[in-house]
Amino acid sequence: MGWAIALHGGAGDIPRTLPPERREPRLATLRRCLDLGAAALRAGRSALDVVELVVRELEDCPHFNAGKGSVLTTDGTVEMEASVMDGTGMRCGAVSGLSTVANPISLARLVMDKTPHIYLAFEGAEAFARDQGVEIRDQSHFITEENIERLKNAKEANRVQIDYTQYNYTQPIVAPNGDDNSRTGTVGCVAVDASGGLASATSTGGLVNKMAGRIGDTPVIGAGTYANALCAVSTTGKGEDIIRHTVARDVVAVMEHRGLPLEEAAARVVAGVPRGSVGLVAVSTAGEVTMAYNTTGMFRACATEDGHSEVAIWPA
């Protein structure tokens with residue numbers, strides 16, 4: 001046993017030709033956040049505090065699709081969502097439809113800690129954020145020039161855009177309600193602390209050119225986020241498929257009911273989801289770590305108490 005941490009910055013059709021200016025800032029942020037989380041675990045902080053800390057940092061980075069970097073709906077607005085789960089007592093909190101909250105993951109934790117509920121959304125979540133005094137920003141804070149351009153291109157092609165891929169609309173047009181609901185740069189973190197406590201946190205802006213009001217897997221406990229006394233999981237990918245297959249909970253269920261180790265359980269669950277649809281990071285109370293995906297690549301990083309560290313995008 002020992003502490004361990006894993007984080008992701010989204011999975012999808014990430015081409016190996018991804019330009020350095022899009023690749024390197026993300027990798028540098030993953031390294032920095034991995035170091036931040038590992039240092040906090042070494043200092044004895046709880047897994048729950050660490051996953052919130054790391055995801056807040058990722059939300060503040062405009063290179064990922066969460067918080068500051070959130071992509072835009074078809075109306076040109078931001079609708080952010082997040083969830084967190086503490087394996088101790090299986091407490092959880094989730095939010096969606098946020099347009100002014102600087103760090104959705106911290107609001108999700110406040111829902112868990114300060115209310116009798118699990119999930120708040122849209123106007124109710126925004127009102128709760130104001131009542132709790134969390135940092136509120138004007139909507140323009142979240143709307144980057146890159147995401148304005150991405151929405152423009154997606155609208156011209158009449159499709160929901162796949163994150164990380166270069167703009168290439170030579171393929172037949174697919175309507176937004178078709179089967180091209182894409183993989184995006186959702187962020188997430190899982191950790192197990194020195195006492196064996198587990199936690200998971202996930203945050204996203206959703207899909208480029210998504211319908212206003214669309215909710216994906218990220219705030220759905222058991223789909224995008226899950227943790228109990230055995231394992232913690234955070235997912236990324238095509239939200240509709242992740243919800244249908246209850247991916248995060250299924251990893252834990254396979255461990256519980258089939259007695260499989262974490263890596264094998266995660267691989268089995270990922271293999272059962274349509275190819276190109278999902279990635280996940282997971283840790284177990286025994287200090288195991290896995291980062292599994294059936295997409296071209298996944299921005300990911302992990303570290304363990306025994307000195308193992310990894311930051312990568314594509315298969316080795």
# chains A, B, ... in the order shown; residues from 1 in each chain; ligands from 1
call {"tool": "residues_around", "arguments": {"residues": "segment 76-83 of chain A", "least_positions_apart": "3", "cutoff": "9 Å", "atoms": "only C-alpha atoms", "output": "NGL selection string"}}
result
:A and (66-67 or 70-73 or 92-101 or 104-109 or 119 or 121-122 or 139 or 142-143 or 148 or 151 or 200-206 or 209 or 212-216 or 218-221 or 224-225)
call {"tool": "write_last_selection", "arguments": {"atoms": "N, CA and C atoms", "output": "compact mmCIF listing (two decimals), in the first residue's frame"}}
result
# COMPACT_ATOMS: atom_id res chain seq x y z
N ALA A 66 -12.44 22.74 -19.38
CA ALA A 66 -13.06 22.80 -18.05
C ALA A 66 -12.76 24.19 -17.51
N GLY A 67 -13.65 24.73 -16.69
CA GLY A 67 -13.38 26.03 -16.12
C GLY A 67 -13.05 27.06 -17.17
N SER A 70 -13.47 26.15 -20.96
CA SER A 70 -14.69 25.44 -21.35
C SER A 70 -15.15 25.82 -22.76
N VAL A 71 -15.57 24.81 -23.49
CA VAL A 71 -16.06 25.02 -24.86
C VAL A 71 -17.46 25.61 -24.83
N LEU A 72 -17.94 26.01 -25.99
CA LEU A 72 -19.18 26.76 -26.08
C LEU A 72 -20.33 25.93 -26.63
N THR A 73 -21.53 26.25 -26.14
CA THR A 73 -22.75 25.62 -26.64
C THR A 73 -23.11 26.22 -28.00
N CYS A 92 -20.96 12.32 -2.05
CA CYS A 92 -20.70 12.87 -3.37
C CYS A 92 -21.47 14.16 -3.60
N GLY A 93 -21.01 14.94 -4.57
CA GLY A 93 -21.67 16.19 -4.94
C GLY A 93 -21.44 16.46 -6.41
N ALA A 94 -22.44 17.09 -7.05
CA ALA A 94 -22.35 17.35 -8.48
C ALA A 94 -23.07 18.64 -8.84
N VAL A 95 -22.60 19.27 -9.91
CA VAL A 95 -23.22 20.50 -10.42
C VAL A 95 -23.18 20.49 -11.94
N SER A 96 -24.12 21.20 -12.55
CA SER A 96 -24.08 21.39 -14.00
C SER A 96 -24.79 22.68 -14.36
N GLY A 97 -24.61 23.10 -15.62
CA GLY A 97 -25.24 24.31 -16.10
C GLY A 97 -24.66 25.58 -15.51
N LEU A 98 -23.38 25.55 -15.11
CA LEU A 98 -22.75 26.73 -14.52
C LEU A 98 -22.18 27.64 -15.60
N SER A 99 -22.37 28.94 -15.42
CA SER A 99 -21.85 29.90 -16.40
C SER A 99 -20.98 30.98 -15.79
N THR A 100 -20.90 31.05 -14.44
CA THR A 100 -20.12 32.12 -13.81
C THR A 100 -19.19 31.63 -12.71
N VAL A 101 -19.24 30.37 -12.35
CA VAL A 101 -18.44 29.85 -11.23
C VAL A 101 -17.03 29.52 -11.71
N PRO A 104 -15.91 25.01 -10.79
CA PRO A 104 -17.07 24.14 -10.57
C PRO A 104 -16.80 22.98 -9.61
N ILE A 105 -15.57 22.44 -9.60
CA ILE A 105 -15.30 21.29 -8.75
C ILE A 105 -15.45 21.65 -7.27
N SER A 106 -15.09 22.87 -6.91
CA SER A 106 -15.23 23.28 -5.51
C SER A 106 -16.69 23.50 -5.14
N LEU A 107 -17.49 23.93 -6.11
CA LEU A 107 -18.93 24.05 -5.83
C LEU A 107 -19.54 22.66 -5.66
N ALA A 108 -19.10 21.70 -6.46
CA ALA A 108 -19.58 20.33 -6.29
C ALA A 108 -19.25 19.81 -4.89
N ARG A 109 -18.05 20.13 -4.41
CA ARG A 109 -17.70 19.69 -3.04
C ARG A 109 -18.58 20.37 -2.01
N TYR A 119 -26.93 16.78 -6.14
CA TYR A 119 -26.81 17.39 -7.47
C TYR A 119 -27.62 18.68 -7.52
N ALA A 121 -28.20 22.18 -10.26
CA ALA A 121 -27.97 22.54 -11.65
C ALA A 121 -28.54 23.92 -11.98
N PHE A 122 -27.93 24.54 -12.98
CA PHE A 122 -28.39 25.78 -13.59
C PHE A 122 -28.67 26.86 -12.53
N GLN A 139 -19.15 36.00 -17.47
CA GLN A 139 -19.12 34.92 -18.44
C GLN A 139 -18.01 35.09 -19.48
N PHE A 142 -14.67 33.00 -19.33
CA PHE A 142 -14.57 31.62 -19.77
C PHE A 142 -14.53 31.47 -21.29
N ILE A 143 -14.78 32.55 -22.01
CA ILE A 143 -14.91 32.46 -23.46
C ILE A 143 -13.61 32.87 -24.12
N ILE A 148 -14.10 30.34 -29.41
CA ILE A 148 -14.99 31.05 -30.33
C ILE A 148 -14.76 30.55 -31.75
N LEU A 151 -16.14 26.99 -32.17
CA LEU A 151 -17.60 26.99 -32.34
C LEU A 151 -17.98 27.43 -33.74
N SER A 200 -12.40 10.84 -6.04
CA SER A 200 -12.40 11.10 -7.47
C SER A 200 -13.06 12.45 -7.74
N ALA A 201 -12.55 13.16 -8.75
CA ALA A 201 -13.14 14.45 -9.14
C ALA A 201 -13.02 14.62 -10.65
N THR A 202 -14.07 15.16 -11.28
CA THR A 202 -14.11 15.32 -12.72
C THR A 202 -14.79 16.64 -13.06
N SER A 203 -14.32 17.33 -14.10
CA SER A 203 -14.88 18.63 -14.48
C SER A 203 -14.80 18.81 -15.99
N THR A 204 -15.79 19.49 -16.57
CA THR A 204 -15.80 19.68 -18.02
C THR A 204 -16.66 20.86 -18.44
N GLY A 205 -16.43 21.29 -19.68
CA GLY A 205 -17.31 22.26 -20.33
C GLY A 205 -18.25 21.58 -21.30
N GLY A 206 -18.07 20.28 -21.51
CA GLY A 206 -18.96 19.54 -22.40
C GLY A 206 -18.45 19.45 -23.82
N ASN A 209 -20.39 23.09 -29.53
CA ASN A 209 -21.63 23.19 -30.30
C ASN A 209 -22.72 22.26 -29.77
N ALA A 212 -27.83 23.73 -25.87
CA ALA A 212 -27.93 24.34 -24.55
C ALA A 212 -28.79 23.42 -23.67
N GLY A 213 -28.31 23.17 -22.46
CA GLY A 213 -29.02 22.30 -21.53
C GLY A 213 -28.57 20.86 -21.56
N ARG A 214 -27.71 20.50 -22.52
CA ARG A 214 -27.21 19.13 -22.58
C ARG A 214 -26.34 18.84 -21.36
N ILE A 215 -26.53 17.69 -20.74
CA ILE A 215 -25.72 17.25 -19.60
C ILE A 215 -25.04 15.95 -19.96
N GLY A 216 -23.74 15.86 -19.75
CA GLY A 216 -22.99 14.67 -20.10
C GLY A 216 -22.75 13.77 -18.90
N THR A 218 -20.02 13.68 -16.94
CA THR A 218 -19.16 14.19 -15.87
C THR A 218 -19.86 14.37 -14.53
N PRO A 219 -21.05 14.96 -14.46
CA PRO A 219 -21.68 15.12 -13.15
C PRO A 219 -22.53 13.94 -12.72
N VAL A 220 -22.57 12.89 -13.53
CA VAL A 220 -23.40 11.72 -13.21
C VAL A 220 -22.58 10.72 -12.39
N ILE A 221 -22.91 10.61 -11.12
CA ILE A 221 -22.20 9.69 -10.25
C ILE A 221 -22.42 8.26 -10.74
N GLY A 224 -19.40 9.26 -14.83
CA GLY A 224 -18.17 10.02 -14.98
C GLY A 224 -17.26 10.00 -13.76
N THR A 225 -17.84 9.76 -12.61
CA THR A 225 -17.09 9.81 -11.34
C THR A 225 -17.62 8.75 -10.39
call {"tool": "select_by_dssp", "arguments": {"residues": "segment 266-300 of chain A", "states": "strand (DSSP E or B)", "output": "list in words"}}
result
Val278, Gly279, Leu280, Val281, Ala282, Val283, Ser284, Val289, Thr290, Met291, Ala292, Tyr293, Gly297, Met298, Phe299 and Arg300 of chain A
call {"tool": "write_last_selection", "arguments": {"atoms": "N, CA and C atoms", "output": "tab-separated table (two decimals), in the first residue's frame"}}
result
chain	number	residue	atom	x	y	z
A	278	VAL	N	-14.14	6.15	-24.88
A	278	VAL	CA	-13.91	6.34	-23.45
A	278	VAL	C	-12.43	6.24	-23.07
A	279	GLY	N	-12.10	6.97	-22.03
A	279	GLY	CA	-10.83	6.83	-21.33
A	279	GLY	C	-11.10	7.00	-19.84
A	280	LEU	N	-10.23	6.47	-19.01
A	280	LEU	CA	-10.42	6.61	-17.57
A	280	LEU	C	-9.09	6.53	-16.85
A	281	VAL	N	-9.07	7.11	-15.66
A	281	VAL	CA	-7.97	6.91	-14.72
A	281	VAL	C	-8.57	6.35	-13.44
A	282	ALA	N	-7.84	5.46	-12.78
A	282	ALA	CA	-8.36	4.83	-11.57
A	282	ALA	C	-7.22	4.45	-10.64
A	283	VAL	N	-7.51	4.47	-9.34
A	283	VAL	CA	-6.57	4.00	-8.32
A	283	VAL	C	-7.34	3.12	-7.34
A	284	SER	N	-6.63	2.22	-6.70
A	284	SER	CA	-7.27	1.34	-5.71
A	284	SER	C	-6.69	1.62	-4.33
A	289	VAL	N	-2.59	1.66	-9.83
A	289	VAL	CA	-2.98	2.74	-10.74
A	289	VAL	C	-3.19	2.16	-12.12
A	290	THR	N	-4.24	2.65	-12.82
A	290	THR	CA	-4.39	2.30	-14.23
A	290	THR	C	-4.94	3.49	-14.98
A	291	MET	N	-4.57	3.59	-16.26
A	291	MET	CA	-5.04	4.65	-17.14
A	291	MET	C	-5.39	3.98	-18.46
A	292	ALA	N	-6.67	3.68	-18.64
A	292	ALA	CA	-7.12	2.87	-19.77
A	292	ALA	C	-7.97	3.70	-20.72
A	293	TYR	N	-7.89	3.39	-22.02
A	293	TYR	CA	-8.69	4.12	-23.00
A	293	TYR	C	-8.81	3.29	-24.27
A	297	GLY	N	-5.82	8.35	-28.21
A	297	GLY	CA	-4.91	8.76	-27.14
A	297	GLY	C	-5.68	9.36	-25.99
A	298	MET	N	-4.96	9.65	-24.91
A	298	MET	CA	-5.54	10.32	-23.75
A	298	MET	C	-4.44	11.10	-23.06
A	299	PHE	N	-4.66	12.38	-22.82
A	299	PHE	CA	-3.74	13.16	-22.01
A	299	PHE	C	-3.85	12.64	-20.59
A	300	ARG	N	-2.72	12.17	-20.03
A	300	ARG	CA	-2.79	11.49	-18.75
A	300	ARG	C	-1.47	11.58	-17.99
call {"tool": "select_by_dssp", "arguments": {"residues": "segment 143-289 of chain A", "states": "alpha helix (DSSP H)", "output": "ChimeraX atom specification"}}
result
/A:145-157,239-244,247-258,262-271
call {"tool": "residues_around", "arguments": {"residues": "Gln132 of chain A", "least_positions_apart": "4", "cutoff": "10 Å", "atoms": "only C-alpha atoms", "output": "list of chain:residue names"}}
result
A:Leu107, A:Leu110, A:Val111, A:Lys114, A:Glu126, A:Ala127, A:Phe128
call {"tool": "write_last_selection", "arguments": {"atoms": "C-alpha atoms", "output": "PDB file, in the first residue's frame"}}
result
ATOM      1  CA  LEU A 107     -18.926  24.051  -5.829  1.00  0.00           C
ATOM      2  CA  LEU A 110     -19.776  22.330  -1.281  1.00  0.00           C
ATOM      3  CA  VAL A 111     -22.944  20.600  -2.473  1.00  0.00           C
ATOM      4  CA  LYS A 114     -23.066  21.801   2.914  1.00  0.00           C
ATOM      5  CA  GLU A 126     -25.614  29.476  -9.453  1.00  0.00           C
ATOM      6  CA  ALA A 127     -27.686  30.795  -6.542  1.00  0.00           C
ATOM      7  CA  PHE A 128     -26.033  28.319  -4.176  1.00  0.00           C
TER       8      PHE A 128
END
call {"tool": "closest_residue", "arguments": {"among": "A:Arg244, A:Arg22, A:Lys210, A:Arg42", "to": "Glu146 of chain A", "atoms": "only C-alpha atoms"}}
result
A:Arg22
call {"tool": "atom_distance", "arguments": {"atom1": "atom CA of Gly185 of chain A", "atom2": "atom CA of Arg56 of chain A"}}
result
14.7 Å
call {"tool": "residues_around", "arguments": {"residues": "Arg45 of chain A", "least_positions_apart": "6", "cutoff": "10 Å", "atoms": "only C-alpha atoms", "output": "ChimeraX atom specification"}}
result
/A:37-39,193-195
call {"tool": "atom_distance", "arguments": {"atom1": "atom CA of Ala312 of chain A", "atom2": "atom CA of Arg31 of chain A"}}
result
9.8 Å
call {"tool": "closest_residue", "arguments": {"among": "A:Ala28, A:Leu41, A:Ile14, A:Leu207", "to": "Glu305 of chain A", "atoms": "only C-alpha atoms"}}
result
A:Leu41
call {"tool": "residues_around", "arguments": {"residues": "Glu256 of chain A", "least_positions_apart": "2", "cutoff": "12 Å", "atoms": "only C-alpha atoms", "output": "ChimeraX atom specification"}}
result
/A:228-231,249-254,258-262,265,284
call {"tool": "residues_around", "arguments": {"residues": "Met1 of chain A", "least_positions_apart": "4", "cutoff": "8 Å", "atoms": "only C-alpha atoms", "output": "PyMOL selection string"}}
result
chain A and resi 194+196+285-287
call {"tool": "residues_around", "arguments": {"residues": "Ala40 of chain A", "least_positions_apart": "5", "cutoff": "10 Å", "atoms": "only C-alpha atoms", "output": "list of chain:residue names"}}
result
A:Leu34, A:Asp35, A:Arg45, A:Ser46, A:Ala47, A:Asp49, A:Val50, A:Val51, A:Leu53, A:Val54, A:Asp193
call {"tool": "write_last_selection", "arguments": {"atoms": "N, CA, C and O atoms", "output": "tab-separated table (two decimals), in the first residue's frame"}}
result
chain	number	residue	atom	x	y	z
A	34	LEU	N	0.49	17.12	-11.59
A	34	LEU	CA	0.91	15.86	-11.00
A	34	LEU	C	1.86	16.12	-9.84
A	34	LEU	O	1.73	15.53	-8.75
A	35	ASP	N	2.82	17.00	-10.04
A	35	ASP	CA	3.77	17.34	-8.97
A	35	ASP	C	3.05	17.96	-7.78
A	35	ASP	O	3.37	17.65	-6.62
A	45	ARG	N	-1.94	15.16	3.10
A	45	ARG	CA	-3.29	15.64	2.83
A	45	ARG	C	-4.18	14.50	2.37
A	45	ARG	O	-3.71	13.51	1.80
A	46	SER	N	-5.48	14.65	2.60
A	46	SER	CA	-6.42	13.59	2.25
A	46	SER	C	-6.61	13.50	0.75
A	46	SER	O	-6.42	14.47	0.01
A	47	ALA	N	-7.01	12.32	0.29
A	47	ALA	CA	-7.29	12.12	-1.13
A	47	ALA	C	-8.34	13.10	-1.62
A	47	ALA	O	-8.23	13.64	-2.73
A	49	ASP	N	-9.05	16.18	-0.52
A	49	ASP	CA	-8.46	17.51	-0.70
A	49	ASP	C	-7.58	17.56	-1.93
A	49	ASP	O	-7.55	18.56	-2.66
A	50	VAL	N	-6.86	16.48	-2.19
A	50	VAL	CA	-5.91	16.47	-3.31
A	50	VAL	C	-6.63	16.49	-4.65
A	50	VAL	O	-6.24	17.24	-5.56
A	51	VAL	N	-7.68	15.69	-4.81
A	51	VAL	CA	-8.35	15.68	-6.11
A	51	VAL	C	-9.01	17.03	-6.39
A	51	VAL	O	-9.03	17.50	-7.53
A	53	LEU	N	-7.91	19.94	-5.23
A	53	LEU	CA	-6.79	20.84	-5.50
A	53	LEU	C	-6.31	20.71	-6.95
A	53	LEU	O	-6.13	21.71	-7.66
A	54	VAL	N	-6.12	19.49	-7.40
A	54	VAL	CA	-5.60	19.26	-8.75
A	54	VAL	C	-6.60	19.68	-9.82
A	54	VAL	O	-6.24	20.35	-10.80
A	193	ASP	N	-4.81	8.13	-0.55
A	193	ASP	CA	-3.84	8.73	0.37
A	193	ASP	C	-3.16	7.67	1.23
A	193	ASP	O	-3.43	6.47	1.10
call {"tool": "atom_distance", "arguments": {"atom1": "atom CA of Ala6 of chain A", "atom2": "atom CA of Cys189 of chain A"}}
result
5.7 Å
call {"tool": "decode", "arguments": {"residues": "segment 39-65 of chain A", "atoms": "N, CA, C and O atoms", "output": "PDB file, in the first residue's frame"}}
result
ATOM      1  N   ALA A  39       2.960  16.118  -4.150  1.00  0.00           N
ATOM      2  CA  ALA A  39       3.512  16.824  -2.995  1.00  0.00           C
ATOM      3  C   ALA A  39       2.481  16.905  -1.867  1.00  0.00           C
ATOM      4  O   ALA A  39       2.817  16.756  -0.683  1.00  0.00           O
ATOM      5  N   ALA A  40       1.228  17.140  -2.226  1.00  0.00           N
ATOM      6  CA  ALA A  40       0.173  17.220  -1.216  1.00  0.00           C
ATOM      7  C   ALA A  40      -0.038  15.864  -0.537  1.00  0.00           C
ATOM      8  O   ALA A  40      -0.247  15.787   0.677  1.00  0.00           O
ATOM      9  N   LEU A  41       0.026  14.789  -1.303  1.00  0.00           N
ATOM     10  CA  LEU A  41      -0.116  13.455  -0.715  1.00  0.00           C
ATOM     11  C   LEU A  41       1.066  13.125   0.189  1.00  0.00           C
ATOM     12  O   LEU A  41       0.895  12.554   1.276  1.00  0.00           O
ATOM     13  N   ARG A  42       2.260  13.491  -0.239  1.00  0.00           N
ATOM     14  CA  ARG A  42       3.440  13.267   0.595  1.00  0.00           C
ATOM     15  C   ARG A  42       3.344  14.042   1.907  1.00  0.00           C
ATOM     16  O   ARG A  42       3.857  13.603   2.950  1.00  0.00           O
ATOM     17  N   ALA A  43       2.680  15.201   1.849  1.00  0.00           N
ATOM     18  CA  ALA A  43       2.536  16.038   3.042  1.00  0.00           C
ATOM     19  C   ALA A  43       1.412  15.560   3.953  1.00  0.00           C
ATOM     20  O   ALA A  43       1.174  16.156   5.008  1.00  0.00           O
ATOM     21  N   GLY A  44       0.713  14.499   3.550  1.00  0.00           N
ATOM     22  CA  GLY A  44      -0.305  13.916   4.404  1.00  0.00           C
ATOM     23  C   GLY A  44      -1.714  14.422   4.183  1.00  0.00           C
ATOM     24  O   GLY A  44      -2.617  14.125   4.978  1.00  0.00           O
ATOM     25  N   ARG A  45      -1.940  15.162   3.096  1.00  0.00           N
ATOM     26  CA  ARG A  45      -3.292  15.644   2.830  1.00  0.00           C
ATOM     27  C   ARG A  45      -4.184  14.497   2.366  1.00  0.00           C
ATOM     28  O   ARG A  45      -3.708  13.507   1.804  1.00  0.00           O
ATOM     29  N   SER A  46      -5.479  14.647   2.596  1.00  0.00           N
ATOM     30  CA  SER A  46      -6.423  13.587   2.254  1.00  0.00           C
ATOM     31  C   SER A  46      -6.613  13.496   0.749  1.00  0.00           C
ATOM     32  O   SER A  46      -6.416  14.474   0.007  1.00  0.00           O
ATOM     33  N   ALA A  47      -7.015  12.320   0.294  1.00  0.00           N
ATOM     34  CA  ALA A  47      -7.286  12.120  -1.132  1.00  0.00           C
ATOM     35  C   ALA A  47      -8.335  13.103  -1.623  1.00  0.00           C
ATOM     36  O   ALA A  47      -8.235  13.641  -2.733  1.00  0.00           O
ATOM     37  N   LEU A  48      -9.360  13.366  -0.822  1.00  0.00           N
ATOM     38  CA  LEU A  48     -10.420  14.293  -1.221  1.00  0.00           C
ATOM     39  C   LEU A  48      -9.870  15.699  -1.442  1.00  0.00           C
ATOM     40  O   LEU A  48     -10.185  16.349  -2.458  1.00  0.00           O
ATOM     41  N   ASP A  49      -9.054  16.178  -0.523  1.00  0.00           N
ATOM     42  CA  ASP A  49      -8.458  17.507  -0.698  1.00  0.00           C
ATOM     43  C   ASP A  49      -7.577  17.556  -1.935  1.00  0.00           C
ATOM     44  O   ASP A  49      -7.548  18.559  -2.664  1.00  0.00           O
ATOM     45  N   VAL A  50      -6.858  16.481  -2.185  1.00  0.00           N
ATOM     46  CA  VAL A  50      -5.913  16.466  -3.309  1.00  0.00           C
ATOM     47  C   VAL A  50      -6.628  16.486  -4.649  1.00  0.00           C
ATOM     48  O   VAL A  50      -6.238  17.235  -5.555  1.00  0.00           O
ATOM     49  N   VAL A  51      -7.676  15.687  -4.811  1.00  0.00           N
ATOM     50  CA  VAL A  51      -8.349  15.682  -6.115  1.00  0.00           C
ATOM     51  C   VAL A  51      -9.012  17.025  -6.388  1.00  0.00           C
ATOM     52  O   VAL A  51      -9.030  17.497  -7.531  1.00  0.00           O
ATOM     53  N   GLU A  52      -9.555  17.660  -5.362  1.00  0.00           N
ATOM     54  CA  GLU A  52     -10.122  18.997  -5.566  1.00  0.00           C
ATOM     55  C   GLU A  52      -9.025  19.989  -5.947  1.00  0.00           C
ATOM     56  O   GLU A  52      -9.192  20.798  -6.866  1.00  0.00           O
ATOM     57  N   LEU A  53      -7.912  19.937  -5.229  1.00  0.00           N
ATOM     58  CA  LEU A  53      -6.791  20.840  -5.503  1.00  0.00           C
ATOM     59  C   LEU A  53      -6.314  20.708  -6.948  1.00  0.00           C
ATOM     60  O   LEU A  53      -6.133  21.711  -7.657  1.00  0.00           O
ATOM     61  N   VAL A  54      -6.120  19.489  -7.402  1.00  0.00           N
ATOM     62  CA  VAL A  54      -5.603  19.255  -8.751  1.00  0.00           C
ATOM     63  C   VAL A  54      -6.605  19.683  -9.817  1.00  0.00           C
ATOM     64  O   VAL A  54      -6.242  20.348 -10.797  1.00  0.00           O
ATOM     65  N   VAL A  55      -7.866  19.333  -9.641  1.00  0.00           N
ATOM     66  CA  VAL A  55      -8.860  19.690 -10.650  1.00  0.00           C
ATOM     67  C   VAL A  55      -9.072  21.200 -10.701  1.00  0.00           C
ATOM     68  O   VAL A  55      -9.286  21.774 -11.782  1.00  0.00           O
ATOM     69  N   ARG A  56      -8.982  21.881  -9.583  1.00  0.00           N
ATOM     70  CA  ARG A  56      -9.039  23.353  -9.600  1.00  0.00           C
ATOM     71  C   ARG A  56      -7.935  23.921 -10.485  1.00  0.00           C
ATOM     72  O   ARG A  56      -8.156  24.856 -11.270  1.00  0.00           O
ATOM     73  N   GLU A  57      -6.737  23.380 -10.357  1.00  0.00           N
ATOM     74  CA  GLU A  57      -5.624  23.854 -11.188  1.00  0.00           C
ATOM     75  C   GLU A  57      -5.895  23.601 -12.665  1.00  0.00           C
ATOM     76  O   GLU A  57      -5.607  24.441 -13.519  1.00  0.00           O
ATOM     77  N   LEU A  58      -6.452  22.440 -12.968  1.00  0.00           N
ATOM     78  CA  LEU A  58      -6.768  22.129 -14.360  1.00  0.00           C
ATOM     79  C   LEU A  58      -7.890  23.019 -14.883  1.00  0.00           C
ATOM     80  O   LEU A  58      -7.886  23.414 -16.057  1.00  0.00           O
ATOM     81  N   GLU A  59      -8.860  23.348 -14.033  1.00  0.00           N
ATOM     82  CA  GLU A  59      -9.932  24.265 -14.439  1.00  0.00           C
ATOM     83  C   GLU A  59      -9.396  25.658 -14.739  1.00  0.00           C
ATOM     84  O   GLU A  59      -9.956  26.373 -15.583  1.00  0.00           O
ATOM     85  N   ASP A  60      -8.342  26.057 -14.057  1.00  0.00           N
ATOM     86  CA  ASP A  60      -7.777  27.393 -14.256  1.00  0.00           C
ATOM     87  C   ASP A  60      -6.897  27.485 -15.499  1.00  0.00           C
ATOM     88  O   ASP A  60      -6.445  28.570 -15.859  1.00  0.00           O
ATOM     89  N   CYS A  61      -6.647  26.348 -16.137  1.00  0.00           N
ATOM     90  CA  CYS A  61      -5.799  26.311 -17.335  1.00  0.00           C
ATOM     91  C   CYS A  61      -6.678  26.395 -18.583  1.00  0.00           C
ATOM     92  O   CYS A  61      -7.531  25.532 -18.795  1.00  0.00           O
ATOM     93  N   PRO A  62      -6.475  27.388 -19.445  1.00  0.00           N
ATOM     94  CA  PRO A  62      -7.329  27.531 -20.631  1.00  0.00           C
ATOM     95  C   PRO A  62      -7.095  26.475 -21.697  1.00  0.00           C
ATOM     96  O   PRO A  62      -7.843  26.411 -22.671  1.00  0.00           O
ATOM     97  N   HIS A  63      -6.085  25.628 -21.527  1.00  0.00           N
ATOM     98  CA  HIS A  63      -5.769  24.616 -22.537  1.00  0.00           C
ATOM     99  C   HIS A  63      -6.634  23.367 -22.419  1.00  0.00           C
ATOM    100  O   HIS A  63      -6.589  22.500 -23.293  1.00  0.00           O
ATOM    101  N   PHE A  64      -7.394  23.256 -21.325  1.00  0.00           N
ATOM    102  CA  PHE A  64      -8.279  22.112 -21.164  1.00  0.00           C
ATOM    103  C   PHE A  64      -9.733  22.557 -21.179  1.00  0.00           C
ATOM    104  O   PHE A  64     -10.056  23.713 -20.914  1.00  0.00           O
ATOM    105  N   ASN A  65     -10.612  21.615 -21.480  1.00  0.00           N
ATOM    106  CA  ASN A  65     -12.033  21.906 -21.597  1.00  0.00           C
ATOM    107  C   ASN A  65     -12.720  21.764 -20.244  1.00  0.00           C
ATOM    108  O   ASN A  65     -13.464  20.828 -19.976  1.00  0.00           O
TER     109      ASN A  65
END
